[in-house]
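Here is coords.cif, consisting of mmCIF, C-alpha atoms:
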data_input
loop_
_atom_site.group_PDB
_atom_site.id
_atom_site.type_symbol
_atom_site.label_atom_id
_atom_site.label_comp_id
_atom_site.auth_asym_id
_atom_site.auth_seq_id
_atom_site.Cartn_x
_atom_site.Cartn_y
_atom_site.Cartn_z
ATOM 1 C CA MET Y 859 -3.533 -91.032 -26.982
ATOM 2 C CA SER Y 860 -6.609 -88.846 -26.774
ATOM 3 C CA ASP Y 861 -7.634 -86.673 -29.707
ATOM 4 C CA THR Y 862 -9.256 -84.189 -27.391
ATOM 5 C CA LEU Y 863 -7.848 -80.734 -27.850
ATOM 6 C CA THR Y 864 -7.362 -78.769 -24.751
ATOM 7 C CA GLU Y 865 -9.066 -75.452 -24.885
ATOM 8 C CA GLN Y 866 -6.690 -72.568 -24.504
ATOM 9 C CA LYS Y 867 -7.920 -69.643 -22.523
ATOM 10 C CA PRO Y 868 -7.660 -66.384 -24.448
ATOM 11 C CA LYS Y 869 -5.092 -64.044 -23.090
ATOM 12 C CA SER Y 870 -6.572 -61.089 -21.316
ATOM 13 C CA VAL Y 871 -5.823 -57.947 -23.239
ATOM 14 C CA LYS Y 872 -5.463 -54.861 -21.101
ATOM 15 C CA PRO Y 873 -7.212 -51.854 -22.541
ATOM 16 C CA PRO Y 874 -4.783 -49.124 -23.515
ATOM 17 C CA LYS Y 875 -4.408 -46.394 -20.992
ATOM 18 C CA GLN Y 876 -6.257 -43.303 -22.045
ATOM 19 C CA LYS Y 877 -4.109 -40.251 -22.035
ATOM 20 C CA LYS Y 878 -5.438 -37.228 -20.310
ATOM 21 C CA PRO Y 879 -6.530 -34.559 -22.744
ATOM 22 C CA ALA Y 880 -3.871 -31.959 -23.249
ATOM 23 C CA SER Y 881 -4.558 -28.592 -21.693
ATOM 24 C CA LEU Y 882 -3.168 -25.147 -22.376
ATOM 25 C CA TRP Y 883 -1.042 -25.244 -19.223
ATOM 26 C CA SER Y 884 0.434 -28.699 -19.873
ATOM 27 C CA ASP Y 885 1.266 -27.771 -23.463
ATOM 28 C CA ALA Y 886 2.789 -24.497 -22.293
ATOM 29 C CA TRP Y 887 4.953 -26.234 -19.705
ATOM 30 C CA TYR Y 888 6.049 -28.769 -22.331
ATOM 31 C CA ASP Y 889 7.151 -25.935 -24.622
ATOM 32 C CA LEU Y 890 8.826 -23.963 -21.842
ATOM 33 C CA ARG Y 891 10.996 -26.890 -20.780
ATOM 34 C CA ARG Y 892 12.361 -27.020 -24.320
ATOM 35 C CA SER Y 893 12.850 -23.301 -24.747
ATOM 36 C CA LYS Y 894 16.461 -22.128 -24.452
ATOM 37 C CA VAL Y 895 15.296 -18.571 -23.841
ATOM 38 C CA PHE Y 896 13.142 -19.687 -20.913
ATOM 39 C CA ILE Y 897 15.904 -21.813 -19.387
ATOM 40 C CA ILE Y 898 18.490 -19.024 -19.623
ATOM 41 C CA ALA Y 899 16.072 -16.441 -18.181
ATOM 42 C CA ALA Y 900 14.940 -18.797 -15.400
ATOM 43 C CA VAL Y 901 18.541 -19.544 -14.389
ATOM 44 C CA MET Y 902 19.421 -15.835 -14.330
ATOM 45 C CA ILE Y 903 16.347 -14.978 -12.250
ATOM 46 C CA ALA Y 904 16.977 -17.885 -9.866
ATOM 47 C CA ILE Y 905 20.515 -16.614 -9.231
ATOM 48 C CA LEU Y 906 19.214 -13.088 -8.651
ATOM 49 C CA VAL Y 907 16.554 -14.334 -6.221
ATOM 50 C CA VAL Y 908 19.084 -16.340 -4.217
ATOM 51 C CA MET Y 909 21.390 -13.314 -4.289
ATOM 52 C CA SER Y 910 18.647 -11.101 -2.869
ATOM 53 C CA ILE Y 911 17.655 -13.592 -0.158
ATOM 54 C CA ILE Y 912 21.121 -14.743 0.952
ATOM 55 C CA PRO Y 913 23.654 -12.138 -0.215
ATOM 56 C CA ALA Y 914 26.293 -13.549 2.146
ATOM 57 C CA LEU Y 915 26.649 -16.527 -0.226
ATOM 58 C CA PHE Y 916 28.063 -14.195 -2.873
ATOM 59 C CA SER Y 917 29.979 -11.661 -0.778
ATOM 60 C CA SER Y 918 31.875 -11.996 2.465
ATOM 61 C CA VAL Y 919 31.659 -8.224 2.997
ATOM 62 C CA ASN Y 920 28.522 -6.855 4.644
ATOM 63 C CA ALA Y 921 27.655 -3.802 2.570
ATOM 64 C CA PHE Y 922 25.523 -2.376 5.400
ATOM 65 C CA ASP Y 923 28.498 -2.304 7.772
ATOM 66 C CA PRO Y 924 30.017 1.213 7.555
ATOM 67 C CA THR Y 925 33.307 0.000 9.014
ATOM 68 C CA THR Y 926 34.020 -1.854 5.754
ATOM 69 C CA CYS Y 927 34.331 1.485 3.920
ATOM 70 C CA ASP Y 928 37.660 3.318 3.799
ATOM 71 C CA LEU Y 929 37.804 6.867 2.416
ATOM 72 C CA THR Y 930 41.510 6.496 1.706
ATOM 73 C CA LYS Y 931 40.589 3.831 -0.869
ATOM 74 C CA ALA Y 932 37.798 5.811 -2.543
ATOM 75 C CA ARG Y 933 37.337 5.503 -6.310
ATOM 76 C CA GLN Y 934 39.894 2.781 -6.777
ATOM 77 C CA GLY Y 935 39.776 0.620 -9.881
ATOM 78 C CA VAL Y 936 39.386 -3.121 -10.208
ATOM 79 C CA SER Y 937 41.820 -5.039 -8.010
ATOM 80 C CA ALA Y 938 42.185 -8.382 -6.269
ATOM 81 C CA ALA Y 939 40.761 -6.920 -3.041
ATOM 82 C CA HIS Y 940 37.898 -5.124 -4.800
ATOM 83 C CA ILE Y 941 36.963 -6.923 -8.025
ATOM 84 C CA PHE Y 942 34.459 -4.180 -8.956
ATOM 85 C CA GLY Y 943 36.519 -1.332 -7.508
ATOM 86 C CA THR Y 944 35.332 1.084 -4.811
ATOM 87 C CA ASP Y 945 32.844 3.952 -4.800
ATOM 88 C CA ASN Y 946 33.095 7.561 -3.639
ATOM 89 C CA GLN Y 947 32.981 6.507 0.012
ATOM 90 C CA GLY Y 948 35.610 3.799 -0.339
ATOM 91 C CA CYS Y 949 33.013 1.028 -0.072
ATOM 92 C CA ASP Y 950 33.385 -2.203 -1.994
ATOM 93 C CA THR Y 951 31.266 -1.878 -5.140
ATOM 94 C CA TYR Y 952 30.878 -5.632 -5.599
ATOM 95 C CA SER Y 953 29.293 -6.169 -2.178
ATOM 96 C CA ARG Y 954 26.985 -3.193 -2.672
ATOM 97 C CA VAL Y 955 25.869 -4.547 -6.050
ATOM 98 C CA ILE Y 956 25.110 -7.918 -4.443
ATOM 99 C CA TYR Y 957 23.164 -6.402 -1.535
ATOM 100 C CA GLY Y 958 21.399 -3.958 -3.873
ATOM 101 C CA ALA Y 959 19.660 -6.833 -5.640
ATOM 102 C CA ARG Y 960 17.313 -7.344 -2.676
ATOM 103 C CA ILE Y 961 15.481 -4.032 -2.965
ATOM 104 C CA SER Y 962 15.214 -4.211 -6.746
ATOM 105 C CA ILE Y 963 13.767 -7.737 -6.685
ATOM 106 C CA MET Y 964 11.404 -6.910 -3.806
ATOM 107 C CA VAL Y 965 10.049 -3.827 -5.566
ATOM 108 C CA GLY Y 966 9.544 -5.772 -8.794
ATOM 109 C CA VAL Y 967 7.831 -8.741 -7.153
ATOM 110 C CA PHE Y 968 5.537 -6.861 -4.758
ATOM 111 C CA SER Y 969 4.559 -4.204 -7.299
ATOM 112 C CA THR Y 970 3.636 -6.977 -9.726
ATOM 113 C CA LEU Y 971 1.617 -8.812 -7.076
ATOM 114 C CA VAL Y 972 -0.324 -5.701 -6.084
ATOM 115 C CA THR Y 973 -1.120 -4.616 -9.646
ATOM 116 C CA THR Y 974 -2.060 -8.159 -10.701
ATOM 117 C CA LEU Y 975 -4.374 -8.707 -7.739
ATOM 118 C CA ILE Y 976 -6.124 -5.330 -8.002
ATOM 119 C CA GLY Y 977 -6.320 -5.182 -11.780
ATOM 120 C CA GLY Y 978 -7.140 -8.875 -12.119
ATOM 121 C CA LEU Y 979 -9.977 -8.783 -9.581
ATOM 122 C CA LEU Y 980 -11.541 -5.610 -10.969
ATOM 123 C CA GLY Y 981 -11.121 -6.855 -14.526
ATOM 124 C CA LEU Y 982 -12.817 -10.131 -13.613
ATOM 125 C CA LEU Y 983 -15.786 -8.298 -12.118
ATOM 126 C CA ALA Y 984 -16.035 -5.827 -15.006
ATOM 127 C CA GLY Y 985 -15.847 -8.505 -17.678
ATOM 128 C CA PHE Y 986 -18.246 -10.914 -15.975
ATOM 129 C CA TYR Y 987 -21.020 -8.583 -14.830
ATOM 130 C CA GLY Y 988 -20.764 -6.002 -17.626
ATOM 131 C CA ARG Y 989 -23.351 -3.190 -17.813
ATOM 132 C CA TRP Y 990 -22.981 -0.590 -15.071
ATOM 133 C CA ALA Y 991 -20.148 -2.440 -13.275
ATOM 134 C CA ASP Y 992 -18.131 -2.541 -16.486
ATOM 135 C CA THR Y 993 -18.903 1.107 -17.241
ATOM 136 C CA VAL Y 994 -17.899 2.400 -13.806
ATOM 137 C CA LEU Y 995 -14.721 0.326 -13.484
ATOM 138 C CA SER Y 996 -13.624 1.050 -17.053
ATOM 139 C CA ARG Y 997 -14.084 4.811 -16.626
ATOM 140 C CA VAL Y 998 -12.139 4.797 -13.337
ATOM 141 C CA ALA Y 999 -9.366 2.766 -14.986
ATOM 142 C CA GLU Y 1000 -9.194 5.236 -17.872
ATOM 143 C CA ILE Y 1001 -8.626 8.097 -15.437
ATOM 144 C CA PHE Y 1002 -5.628 6.309 -13.898
ATOM 145 C CA PHE Y 1003 -4.474 5.025 -17.277
ATOM 146 C CA ALA Y 1004 -4.210 8.584 -18.602
ATOM 147 C CA ILE Y 1005 -1.455 9.373 -16.067
ATOM 148 C CA PRO Y 1006 2.045 8.120 -17.036
ATOM 149 C CA SER Y 1007 3.108 5.570 -14.437
ATOM 150 C CA THR Y 1008 6.673 6.798 -13.852
ATOM 151 C CA LEU Y 1009 5.672 10.467 -13.859
ATOM 152 C CA GLY Y 1010 2.790 9.784 -11.476
ATOM 153 C CA ALA Y 1011 5.030 7.761 -9.162
ATOM 154 C CA LEU Y 1012 7.571 10.597 -9.229
ATOM 155 C CA LEU Y 1013 4.868 13.053 -8.160
ATOM 156 C CA ILE Y 1014 3.559 10.777 -5.402
ATOM 157 C CA LEU Y 1015 7.022 10.178 -3.945
ATOM 158 C CA ALA Y 1016 7.851 13.880 -4.168
ATOM 159 C CA LEU Y 1017 4.725 14.634 -2.131
ATOM 160 C CA VAL Y 1018 5.592 11.932 0.404
ATOM 161 C CA GLY Y 1019 9.091 13.356 0.884
ATOM 162 C CA ARG Y 1020 12.515 11.777 0.962
ATOM 163 C CA GLU Y 1021 12.397 11.151 4.694
ATOM 164 C CA ASN Y 1022 9.378 8.863 4.259
ATOM 165 C CA ALA Y 1023 10.563 7.152 1.074
ATOM 166 C CA GLY Y 1024 11.252 3.429 1.304
ATOM 167 C CA ILE Y 1025 10.512 0.102 -0.302
ATOM 168 C CA TRP Y 1026 6.794 0.073 0.461
ATOM 169 C CA THR Y 1027 6.176 3.674 -0.550
ATOM 170 C CA VAL Y 1028 7.867 2.956 -3.885
ATOM 171 C CA VAL Y 1029 5.742 -0.180 -4.311
ATOM 172 C CA VAL Y 1030 2.544 1.768 -3.615
ATOM 173 C CA ALA Y 1031 3.567 4.636 -5.897
ATOM 174 C CA LEU Y 1032 4.293 2.275 -8.790
ATOM 175 C CA SER Y 1033 1.241 0.072 -8.229
ATOM 176 C CA VAL Y 1034 -1.407 2.749 -7.850
ATOM 177 C CA LEU Y 1035 -1.072 3.787 -11.497
ATOM 178 C CA ALA Y 1036 -0.144 0.475 -13.143
ATOM 179 C CA TRP Y 1037 -3.184 -1.706 -12.365
ATOM 180 C CA PRO Y 1038 -5.480 -0.351 -15.156
ATOM 181 C CA MET Y 1039 -3.491 -2.166 -17.842
ATOM 182 C CA VAL Y 1040 -4.007 -5.480 -16.033
ATOM 183 C CA LEU Y 1041 -7.719 -4.657 -15.670
ATOM 184 C CA ARG Y 1042 -8.069 -4.140 -19.425
ATOM 185 C CA ILE Y 1043 -6.350 -7.403 -20.266
ATOM 186 C CA MET Y 1044 -8.311 -9.422 -17.707
ATOM 187 C CA ARG Y 1045 -11.594 -7.807 -18.756
ATOM 188 C CA ALA Y 1046 -11.047 -8.711 -22.413
ATOM 189 C CA ALA Y 1047 -10.054 -12.283 -21.528
ATOM 190 C CA VAL Y 1048 -13.095 -12.743 -19.257
ATOM 191 C CA MET Y 1049 -15.499 -11.386 -21.862
ATOM 192 C CA SER Y 1050 -14.076 -13.833 -24.390
ATOM 193 C CA ALA Y 1051 -14.215 -16.780 -21.980
ATOM 194 C CA LYS Y 1052 -17.743 -16.210 -20.652
ATOM 195 C CA SER Y 1053 -19.214 -16.599 -24.140
ATOM 196 C CA GLN Y 1054 -17.744 -20.084 -24.576
ATOM 197 C CA ASP Y 1055 -20.008 -23.133 -24.699
ATOM 198 C CA TYR Y 1056 -18.704 -24.707 -21.486
ATOM 199 C CA VAL Y 1057 -19.563 -21.553 -19.537
ATOM 200 C CA LEU Y 1058 -23.033 -21.385 -21.077
ATOM 201 C CA ALA Y 1059 -23.567 -25.076 -20.242
ATOM 202 C CA ALA Y 1060 -22.474 -24.544 -16.631
ATOM 203 C CA ARG Y 1061 -24.807 -21.566 -16.363
ATOM 204 C CA ALA Y 1062 -27.690 -23.661 -17.750
ATOM 205 C CA LEU Y 1063 -26.988 -26.346 -15.129
ATOM 206 C CA GLY Y 1064 -27.460 -23.773 -12.384
ATOM 207 C CA ALA Y 1065 -23.895 -22.729 -11.551
ATOM 208 C CA GLY Y 1066 -23.792 -19.477 -9.611
ATOM 209 C CA PRO Y 1067 -21.614 -16.444 -10.353
ATOM 210 C CA GLY Y 1068 -18.919 -17.481 -7.891
ATOM 211 C CA ARG Y 1069 -18.586 -20.972 -9.380
ATOM 212 C CA LEU Y 1070 -18.651 -19.648 -12.928
ATOM 213 C CA MET Y 1071 -15.897 -17.130 -12.255
ATOM 214 C CA GLY Y 1072 -13.701 -19.310 -10.053
ATOM 215 C CA ARG Y 1073 -14.102 -22.681 -11.737
ATOM 216 C CA HIS Y 1074 -14.724 -21.987 -15.422
ATOM 217 C CA ILE Y 1075 -13.736 -18.439 -16.412
ATOM 218 C CA LEU Y 1076 -10.726 -17.448 -14.308
ATOM 219 C CA PRO Y 1077 -8.498 -20.461 -15.135
ATOM 220 C CA ASN Y 1078 -9.054 -19.827 -18.840
ATOM 221 C CA ALA Y 1079 -8.494 -16.061 -18.617
ATOM 222 C CA LEU Y 1080 -5.242 -16.063 -16.643
ATOM 223 C CA ALA Y 1081 -2.824 -16.732 -19.509
ATOM 224 C CA PRO Y 1082 -2.544 -13.159 -20.883
ATOM 225 C CA VAL Y 1083 -2.418 -11.727 -17.360
ATOM 226 C CA ILE Y 1084 0.486 -14.006 -16.419
ATOM 227 C CA VAL Y 1085 2.396 -12.887 -19.514
ATOM 228 C CA VAL Y 1086 1.913 -9.207 -18.677
ATOM 229 C CA ALA Y 1087 2.749 -9.753 -15.003
ATOM 230 C CA THR Y 1088 6.021 -11.472 -15.923
ATOM 231 C CA MET Y 1089 7.093 -8.585 -18.137
ATOM 232 C CA ASN Y 1090 5.929 -6.007 -15.576
ATOM 233 C CA MET Y 1091 8.523 -7.240 -13.072
ATOM 234 C CA GLY Y 1092 11.313 -5.982 -15.293
ATOM 235 C CA VAL Y 1093 9.441 -2.728 -15.907
ATOM 236 C CA PHE Y 1094 8.990 -2.098 -12.175
ATOM 237 C CA ILE Y 1095 12.652 -2.864 -11.427
ATOM 238 C CA ALA Y 1096 13.725 -0.339 -14.063
ATOM 239 C CA ALA Y 1097 11.190 2.195 -12.748
ATOM 240 C CA GLU Y 1098 12.507 1.835 -9.189
ATOM 241 C CA ALA Y 1099 16.043 2.439 -10.414
ATOM 242 C CA ALA Y 1100 14.880 5.537 -12.298
ATOM 243 C CA LEU Y 1101 13.080 6.932 -9.245
ATOM 244 C CA SER Y 1102 16.079 6.268 -6.994
ATOM 245 C CA PHE Y 1103 18.357 7.864 -9.585
ATOM 246 C CA LEU Y 1104 16.163 10.987 -9.528
ATOM 247 C CA GLY Y 1105 16.444 11.135 -5.743
ATOM 248 C CA VAL Y 1106 12.823 10.400 -4.771
ATOM 249 C CA GLY Y 1107 12.994 6.608 -4.461
ATOM 250 C CA ILE Y 1108 15.152 4.501 -2.170
ATOM 251 C CA GLN Y 1109 17.304 6.557 0.171
ATOM 252 C CA SER Y 1110 20.519 5.834 2.063
ATOM 253 C CA PRO Y 1111 21.424 3.834 4.103
ATOM 254 C CA ASP Y 1112 19.419 1.408 1.969
ATOM 255 C CA ILE Y 1113 21.192 0.099 -1.108
ATOM 256 C CA SER Y 1114 19.674 0.176 -4.563
ATOM 257 C CA TRP Y 1115 21.197 -0.106 -8.015
ATOM 258 C CA GLY Y 1116 19.547 3.145 -9.057
ATOM 259 C CA LEU Y 1117 20.878 4.877 -5.961
ATOM 260 C CA MET Y 1118 24.380 3.544 -6.666
ATOM 261 C CA ILE Y 1119 24.219 4.869 -10.225
ATOM 262 C CA ALA Y 1120 23.093 8.273 -8.950
ATOM 263 C CA ASP Y 1121 25.938 8.430 -6.415
ATOM 264 C CA ALA Y 1122 28.564 7.489 -9.003
ATOM 265 C CA ARG Y 1123 27.489 9.715 -11.893
ATOM 266 C CA ASN Y 1124 29.408 12.814 -10.743
ATOM 267 C CA ARG Y 1125 32.686 10.880 -10.526
ATOM 268 C CA PHE Y 1126 32.193 8.699 -13.569
ATOM 269 C CA LEU Y 1127 35.476 9.648 -15.243
ATOM 270 C CA GLN Y 1128 37.497 8.989 -12.081
ATOM 271 C CA ALA Y 1129 35.723 5.731 -11.131
ATOM 272 C CA PRO Y 1130 33.568 4.362 -13.971
ATOM 273 C CA GLU Y 1131 33.319 0.924 -12.321
ATOM 274 C CA ALA Y 1132 31.073 2.295 -9.551
ATOM 275 C CA LEU Y 1133 28.472 3.182 -12.193
ATOM 276 C CA LEU Y 1134 29.017 0.524 -14.846
ATOM 277 C CA PHE Y 1135 28.632 -2.562 -12.669
ATOM 278 C CA PRO Y 1136 25.292 -1.675 -11.004
ATOM 279 C CA ALA Y 1137 24.032 -0.526 -14.411
ATOM 280 C CA LEU Y 1138 25.133 -3.861 -15.892
ATOM 281 C CA PHE Y 1139 23.331 -5.874 -13.207
ATOM 282 C CA LEU Y 1140 20.230 -3.725 -13.614
ATOM 283 C CA SER Y 1141 20.232 -4.258 -17.376
ATOM 284 C CA LEU Y 1142 20.730 -8.021 -17.050
ATOM 285 C CA THR Y 1143 17.894 -8.271 -14.522
ATOM 286 C CA VAL Y 1144 15.440 -6.378 -16.711
ATOM 287 C CA LEU Y 1145 16.577 -8.409 -19.727
ATOM 288 C CA ALA Y 1146 16.013 -11.676 -17.844
ATOM 289 C CA PHE Y 1147 12.414 -10.784 -16.992
ATOM 290 C CA VAL Y 1148 11.721 -9.584 -20.539
ATOM 291 C CA MET Y 1149 13.121 -12.844 -21.924
ATOM 292 C CA LEU Y 1150 11.009 -14.813 -19.447
ATOM 293 C CA GLY Y 1151 7.899 -12.893 -20.464
ATOM 294 C CA ASP Y 1152 8.577 -13.501 -24.156
ATOM 295 C CA ALA Y 1153 9.024 -17.230 -23.565
ATOM 296 C CA VAL Y 1154 5.837 -17.461 -21.503
ATOM 297 C CA ARG Y 1155 3.918 -15.503 -24.138
ATOM 298 C CA ASP Y 1156 5.103 -17.801 -26.916
ATOM 299 C CA ALA Y 1157 4.128 -20.874 -24.877
ATOM 300 C CA LEU Y 1158 0.690 -19.622 -23.818
ATOM 301 C CA ASP Y 1159 -0.390 -18.146 -27.154
ATOM 302 C CA PRO Y 1160 -1.802 -20.953 -29.357
ATOM 303 C CA LYS Y 1161 -1.474 -18.732 -32.448
ATOM 304 C CA LEU Y 1162 2.307 -18.757 -32.102
ATOM 305 C CA ARG Y 1163 2.619 -22.568 -32.036
#

Could the structure of this file be written out as structure tokens, please?
Amino acid sequence: MSDTLTEQKPKSVKPPKQKKPASLWSDAWYDLRRSKVFIIAAVMIAILVVMSIIPALFSSVNAFDPTTCDLTKARQGVSAAHIFGTDNQGCDTYSRVIYGARISIMVGVFSTLVTTLIGGLLGLLAGFYGRWADTVLSRVAEIFFAIPSTLGALLILALVGRENAGIWTVVVALSVLAWPMVLRIMRAAVMSAKSQDYVLAARALGAGPGRLMGRHILPNALAPVIVVATMNMGVFIAAEAALSFLGVGIQSPDISWGLMIADARNRFLQAPEALLFPALFLSLTVLAFVMLGDAVRDALDPKLR
């Protein structure tokens, strides 16, 4: 029997996988998935979005069909046939509430997009270039910022006239005075980001203005703008309802929650359901976007961790 010991080959040890460094966005998404407030708000908003896109899923009655209204059934209370009652024209309040979500959501989304794009772009330029560009853009923003948004939108829509009022005129009226706040927030975030070491290193390596803004500064300055944009959706939805309630916003035959509230206010004692249900949906929608904005703010602000 041989005394020779067989040499055993050492087992190959695989190096541990290196985890990718955590970023602000990955940490924020991790926190959001575990936030009850975010989940509740996201579910509510998802239902509202589906309701605005495909209202037929929620109501078998087409609210835009005038033949579905019956004056002999005007101002009826809650019943099996009309679970939200009927309005002054004998139309089903439930179907009108469902179809009214479309305009409210559209105004909120498009007004937010317009203000974020305009204010974000101008704020990026003002914060990055500084000097005369910052001075000019900041002074122009202060002029618009001095005008109350809702009051200014009311004046613009009054000048346009009821016959020309619609979704896009309301969006323009709300957006033209709301972008300065986004500019201020983006400007402050850009000025803070451009003084960081990674931006100075990229500048020293020869990166141009476009690469510095698009690759290094903008991704790190978007967090506060996203928070404000999320909350602004609820603000714009409430503002549209207020303008329609005052008679200068959305006009018939379009359907809006604010317009429904305005039509039902004179007969509130006889048919309170025609006012209460659109007001309830409006309040829940604004609350959902405010809750979403709070959750996003808590996730994106490292000081609140």

Counting all atoms listed in the file, what are the residues of segment 937-1044 of chain Y within 7 Å of segment 1097-1112 of chain Y, and for each of them which pair of atoms is the nearest and at what distance in Å, to one decimal? Sort the table by chain and rising number, as a tab-separated table.
residue	atom	partner	partner_atom	distance
Y:Thr1008	CA	Y:Ala1097	CA	6.5
Y:Leu1012	CA	Y:Leu1101	CA	6.6
Y:Leu1015	CA	Y:Val1106	CA	5.9
Y:Ala1016	CA	Y:Val1106	CA	6.1
Y:Arg1020	CA	Y:Val1106	CA	5.9
Y:Ala1023	CA	Y:Gly1107	CA	6.1
Y:Gly1024	CA	Y:Ile1108	CA	5.3
Y:Ile1025	CA	Y:Ile1108	CA	6.7
Y:Val1028	CA	Y:Gly1107	CA	6.3

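Distances to Val972 of chain Y were evaluated for Y:Val1034, Y:Val1154, Y:Ile941, Y:Ala1047 using all atoms listed in the file, and the minimum falls at Y:Val1034.
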
Please, which residues are within 9 Å of (18.7, -4.3, -12.7) by the file's coordinates, counting only C-alpha atoms, and could they come as a PDB file with C-alpha atoms, keeping the file's coordinate frame?
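Wrote it out as out_33.pdb, contents follow:
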ATOM      1  CA  ALA Y 959      19.660  -6.833  -5.640  1.00  0.00           C
ATOM      2  CA  SER Y 962      15.214  -4.211  -6.746  1.00  0.00           C
ATOM      3  CA  ILE Y 963      13.767  -7.737  -6.685  1.00  0.00           C
ATOM      4  CA  GLY Y1092      11.313  -5.982 -15.293  1.00  0.00           C
ATOM      5  CA  ILE Y1095      12.652  -2.864 -11.427  1.00  0.00           C
ATOM      6  CA  ALA Y1096      13.725  -0.339 -14.063  1.00  0.00           C
ATOM      7  CA  ALA Y1099      16.043   2.439 -10.414  1.00  0.00           C
ATOM      8  CA  TRP Y1115      21.197  -0.106  -8.015  1.00  0.00           C
ATOM      9  CA  GLY Y1116      19.547   3.145  -9.057  1.00  0.00           C
ATOM     10  CA  PRO Y1136      25.292  -1.675 -11.004  1.00  0.00           C
ATOM     11  CA  ALA Y1137      24.032  -0.526 -14.411  1.00  0.00           C
ATOM     12  CA  LEU Y1138      25.133  -3.861 -15.892  1.00  0.00           C
ATOM     13  CA  PHE Y1139      23.331  -5.874 -13.207  1.00  0.00           C
ATOM     14  CA  LEU Y1140      20.230  -3.725 -13.614  1.00  0.00           C
ATOM     15  CA  SER Y1141      20.232  -4.258 -17.376  1.00  0.00           C
ATOM     16  CA  LEU Y1142      20.730  -8.021 -17.050  1.00  0.00           C
ATOM     17  CA  THR Y1143      17.894  -8.271 -14.522  1.00  0.00           C
ATOM     18  CA  VAL Y1144      15.440  -6.378 -16.711  1.00  0.00           C
ATOM     19  CA  LEU Y1145      16.577  -8.409 -19.727  1.00  0.00           C
TER      20      LEU Y1145
END

>> When you count all atoms listed in the file, which of these residues is closest to Ser918 of chain Y: Y:Arg954, Y:Arg1042, Y:Arg1073, Y:Arg933?
In response: Y:Arg954

>> Since I can't run it myself right now, could you work out what the PyMOL selection byres ((chain Y and resi 1121) around 9) selects here and report it as a VMD selection string?
In response: chain Y and resid 945 to 946 1103 1116 to 1120 1122 to 1125 1132 to 1133

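If you measure from each of Y:Leu1080, Y:Val955, Y:Val1029, Y:Ala1051 to Phe986 of chain Y using all atoms listed in the file, the closest one turns out to be Y:Ala1051.
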
> Expressed in Å to a single decimal, how great is the separation between atom CA of Phe1135 of chain Y and atom CA of Asn1022 of chain Y?
Replying inline: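 Here the two named atoms are 28.1 Å from each other.
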
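Residues surrounding Phe916 of chain Y within 9 Å are Y:Met909, Y:Ile912, Y:Pro913, Y:Ser953, Y:Ile956 [all atoms listed in the file; sequence separation below 3 positions excluded].
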
> Can you list, as a PyMOL selection string, the residues that the PyMOL selection byres ((chain Y and resi 1078) around 10) selects here?
Replying inline: chain Y and resi 882-883+1047-1048+1050-1052+1071-1077+1079-1082

> So what do you get for atom CA of Ala1087 of chain Y versus atom CA of Thr974 of chain Y, distance-wise?
Replying inline: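 Between these atoms lies a distance of 6.6 Å.
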